[in-house]
Amino acid sequence: MLLVTTFGALTNVYRSGLKWNVAAALVFVGVAGWAIGVIPAIADGTIAVNSVMHNTQWVPGHFHTYLLLGTVAMVLGFMTYLTKPQPRYGVGWLGFWLYLIGGSIFVLAFLAAGSASVPRRYAVHMPAWLPYDRVGAIGAGLVVTGALILILRFLLTLRSPLPDEGTTS
């Protein structure tokens, strides 16, 4: 399934002449997030790896890859599609890049912590584990800021109706 999804997405985009906008970029990140999230899931699905890594931050790492960089990115992409087009360097692109960079940092902090055997169900972390938490918090701040920009842009567009395109009176 990973190969089919990846190959299908790339062949649909490659040389397609697609005019990239924020909505298309978010949907593409959503598909990529689903495909990339499979890789740590496959690793965790191996019995030898699972017996060591399952109770670590690795599990929320691959889950958040699916959720944050997959599903939520697709929803934000659809919301952005419903708004009027953005200029090439508009505020929507700022929201996109903050979301993508922040989401990537957040997910990689989880995966790195899991590979360092940081447990996932401890209320208090040992001092050696705190760098992972801090990096993840920076990523979370960026992803929340990017998402808020995209959501506020969507809500402000709902307040002011878009002009009808292509209608004649």
# chains A, B, ... in the order shown; residues from 1 in each chain; ligands from 1
call {"tool": "select_by_dssp", "arguments": {"residues": "chain A", "states": "helix (DSSP H, G or I)", "output": "count of residues only"}}
result
125
call {"tool": "residues_around", "arguments": {"residues": "range 21-28 of chain A", "least_positions_apart": "3", "cutoff": "9 Å", "atoms": "only C-alpha atoms", "output": "MDAnalysis selection string"}}
result
chainID A and resid 9 18 31:33 69:70 73:82 85:88 92:93 95:96 100
call {"tool": "closest_residue", "arguments": {"among": "A:Val4, A:Ile105, A:Leu94, A:Leu152", "to": "Gly139 in chain A", "atoms": "only C-alpha atoms"}}
result
A:Ile105
call {"tool": "residues_around", "arguments": {"residues": "Ala137 in chain A", "least_positions_apart": "2", "cutoff": "12 Å", "atoms": "only C-alpha atoms", "output": "CSV table (one decimal) with N, CA, C and O atoms, in the first residue's frame"}}
result
chain,number,residue,atom,x,y,z
A,102,GLY,N,6.7,22.8,11.6
A,102,GLY,CA,6.4,22.5,13.0
A,102,GLY,C,5.9,21.1,13.2
A,102,GLY,O,6.3,20.4,14.1
A,103,GLY,N,5.1,20.6,12.3
A,103,GLY,CA,4.6,19.2,12.3
A,103,GLY,C,5.8,18.2,12.2
A,103,GLY,O,5.8,17.2,12.9
A,104,SER,N,6.7,18.5,11.3
A,104,SER,CA,7.8,17.6,11.1
A,104,SER,C,8.7,17.6,12.3
A,104,SER,O,9.2,16.5,12.7
A,105,ILE,N,9.0,18.7,12.9
A,105,ILE,CA,9.8,18.8,14.1
A,105,ILE,C,9.1,18.0,15.2
A,105,ILE,O,9.7,17.2,16.0
A,106,PHE,N,7.8,18.2,15.4
A,106,PHE,CA,7.0,17.6,16.4
A,106,PHE,C,7.1,16.1,16.3
A,106,PHE,O,7.4,15.3,17.3
A,107,VAL,N,6.8,15.6,15.1
A,107,VAL,CA,6.8,14.1,14.9
A,107,VAL,C,8.2,13.5,15.0
A,107,VAL,O,8.4,12.5,15.6
A,108,LEU,N,9.2,14.2,14.5
A,108,LEU,CA,10.6,13.7,14.6
A,108,LEU,C,11.1,13.7,16.0
A,108,LEU,O,11.8,12.8,16.4
A,109,ALA,N,10.6,14.6,16.9
A,109,ALA,CA,10.9,14.6,18.3
A,109,ALA,C,10.4,13.4,19.0
A,109,ALA,O,11.1,12.7,19.8
A,110,PHE,N,9.1,13.0,18.6
A,110,PHE,CA,8.6,11.8,19.2
A,110,PHE,C,9.3,10.6,18.7
A,110,PHE,O,9.7,9.7,19.5
A,130,LEU,N,14.4,15.4,28.7
A,130,LEU,CA,13.8,16.7,28.5
A,130,LEU,C,14.2,17.4,27.2
A,130,LEU,O,13.4,18.1,26.6
A,131,PRO,N,15.4,17.2,26.6
A,131,PRO,CA,15.6,17.8,25.3
A,131,PRO,C,14.6,17.4,24.2
A,131,PRO,O,14.2,18.2,23.4
A,132,TYR,N,14.2,16.1,24.2
A,132,TYR,CA,13.2,15.7,23.3
A,132,TYR,C,11.9,16.4,23.5
A,132,TYR,O,11.2,16.8,22.6
A,133,ASP,N,11.5,16.6,24.8
A,133,ASP,CA,10.3,17.3,25.1
A,133,ASP,C,10.3,18.8,24.6
A,133,ASP,O,9.4,19.3,24.1
A,134,ARG,N,11.5,19.4,24.8
A,134,ARG,CA,11.6,20.8,24.5
A,134,ARG,C,11.6,21.0,23.0
A,134,ARG,O,11.0,21.9,22.5
A,135,VAL,N,12.3,20.2,22.2
A,135,VAL,CA,12.2,20.2,20.8
A,135,VAL,C,10.8,20.0,20.3
A,135,VAL,O,10.3,20.7,19.4
A,139,GLY,N,8.2,22.5,18.1
A,139,GLY,CA,7.5,22.0,16.9
A,139,GLY,C,6.0,22.2,17.1
A,139,GLY,O,5.3,22.6,16.2
A,140,ALA,N,5.5,21.9,18.3
A,140,ALA,CA,4.1,22.1,18.6
A,140,ALA,C,3.6,23.5,18.5
A,140,ALA,O,2.6,23.8,17.9
A,141,GLY,N,4.5,24.4,19.0
A,141,GLY,CA,4.2,25.8,18.9
A,141,GLY,C,4.1,26.3,17.4
A,141,GLY,O,3.2,27.1,17.1
A,142,LEU,N,5.0,25.8,16.6
A,142,LEU,CA,5.0,26.2,15.2
A,142,LEU,C,3.8,25.6,14.5
A,142,LEU,O,3.1,26.3,13.7
A,143,VAL,N,3.4,24.4,14.8
A,143,VAL,CA,2.3,23.8,14.1
A,143,VAL,C,1.0,24.4,14.5
A,143,VAL,O,0.1,24.6,13.7
A,144,VAL,N,0.9,24.8,15.8
A,144,VAL,CA,-0.4,25.4,16.2
A,144,VAL,C,-0.5,26.8,15.6
A,144,VAL,O,-1.6,27.2,15.1
call {"tool": "atom_distance", "arguments": {"atom1": "CA of Val72 in chain A", "atom2": "CA of Gly146 in chain A"}}
result
12.0 Å
call {"tool": "closest_residue", "arguments": {"among": "A:Tyr89, A:Asn55, A:Thr83, A:Leu98", "to": "Leu148 in chain A", "atoms": "only C-alpha atoms"}}
result
A:Leu98
call {"tool": "residues_around", "arguments": {"residues": "Val59 in chain A", "least_positions_apart": "5", "cutoff": "9 Å", "atoms": "only C-alpha atoms", "output": "ChimeraX atom specification"}}
result
/A:40-41,44,53-54,64,110-111,114,120
call {"tool": "atom_distance", "arguments": {"atom1": "CA of Trp20 in chain A", "atom2": "CA of Lys84 in chain A"}}
result
14.1 Å
call {"tool": "closest_residue", "arguments": {"among": "A:Ser115, A:Ala35, A:Thr157, A:Ile138", "to": "Val49 in chain A", "atoms": "only C-alpha atoms"}}
result
A:Ser115
call {"tool": "decode", "arguments": {"residues": "range 107-120 of chain A", "atoms": "N, CA, C and O atoms", "output": "mmCIF file, in the first residue's frame"}}
result
data_model
loop_
_atom_site.group_PDB
_atom_site.id
_atom_site.type_symbol
_atom_site.label_atom_id
_atom_site.label_comp_id
_atom_site.auth_asym_id
_atom_site.auth_seq_id
_atom_site.Cartn_x
_atom_site.Cartn_y
_atom_site.Cartn_z
ATOM 1 N N VAL A 107 6.813 15.575 15.104
ATOM 2 C CA VAL A 107 6.794 14.134 14.853
ATOM 3 C C VAL A 107 8.191 13.534 15.019
ATOM 4 O O VAL A 107 8.366 12.480 15.640
ATOM 5 N N LEU A 108 9.199 14.209 14.483
ATOM 6 C CA LEU A 108 10.568 13.693 14.601
ATOM 7 C C LEU A 108 11.051 13.686 16.045
ATOM 8 O O LEU A 108 11.841 12.812 16.432
ATOM 9 N N ALA A 109 10.581 14.627 16.864
ATOM 10 C CA ALA A 109 10.948 14.617 18.286
ATOM 11 C C ALA A 109 10.386 13.368 18.969
ATOM 12 O O ALA A 109 11.065 12.726 19.776
ATOM 13 N N PHE A 110 9.140 13.021 18.645
ATOM 14 C CA PHE A 110 8.557 11.789 19.179
ATOM 15 C C PHE A 110 9.347 10.562 18.731
ATOM 16 O O PHE A 110 9.672 9.690 19.536
ATOM 17 N N LEU A 111 9.625 10.483 17.432
ATOM 18 C CA LEU A 111 10.328 9.310 16.903
ATOM 19 C C LEU A 111 11.748 9.204 17.461
ATOM 20 O O LEU A 111 12.209 8.107 17.787
ATOM 21 N N ALA A 112 12.431 10.336 17.584
ATOM 22 C CA ALA A 112 13.785 10.317 18.157
ATOM 23 C C ALA A 112 13.737 9.893 19.622
ATOM 24 O O ALA A 112 14.577 9.113 20.077
ATOM 25 N N ALA A 113 12.763 10.395 20.363
ATOM 26 C CA ALA A 113 12.623 9.998 21.764
ATOM 27 C C ALA A 113 12.321 8.508 21.872
ATOM 28 O O ALA A 113 12.858 7.817 22.746
ATOM 29 N N GLY A 114 11.488 8.009 20.992
ATOM 30 C CA GLY A 114 11.187 6.577 20.997
ATOM 31 C C GLY A 114 12.405 5.737 20.688
ATOM 32 O O GLY A 114 12.636 4.696 21.312
ATOM 33 N N SER A 115 13.214 6.184 19.730
ATOM 34 C CA SER A 115 14.425 5.417 19.409
ATOM 35 C C SER A 115 15.450 5.487 20.533
ATOM 36 O O SER A 115 16.320 4.627 20.622
ATOM 37 N N ALA A 116 15.317 6.496 21.412
ATOM 38 C CA ALA A 116 16.184 6.584 22.592
ATOM 39 C C ALA A 116 15.536 5.922 23.810
ATOM 40 O O ALA A 116 15.991 6.105 24.937
ATOM 41 N N SER A 117 14.435 5.200 23.597
ATOM 42 C CA SER A 117 13.715 4.442 24.637
ATOM 43 C C SER A 117 13.060 5.315 25.696
ATOM 44 O O SER A 117 12.910 4.901 26.844
ATOM 45 N N VAL A 118 12.634 6.514 25.323
ATOM 46 C CA VAL A 118 11.884 7.356 26.259
ATOM 47 C C VAL A 118 10.477 6.777 26.359
ATOM 48 O O VAL A 118 9.786 6.631 25.348
ATOM 49 N N PRO A 119 10.029 6.405 27.576
ATOM 50 C CA PRO A 119 8.702 5.790 27.705
ATOM 51 C C PRO A 119 7.586 6.779 27.401
ATOM 52 O O PRO A 119 7.742 7.979 27.545
ATOM 53 N N ARG A 120 6.435 6.243 27.010
ATOM 54 C CA ARG A 120 5.332 7.115 26.600
ATOM 55 C C ARG A 120 4.292 7.354 27.672
ATOM 56 O O ARG A 120 3.415 8.171 27.491
#
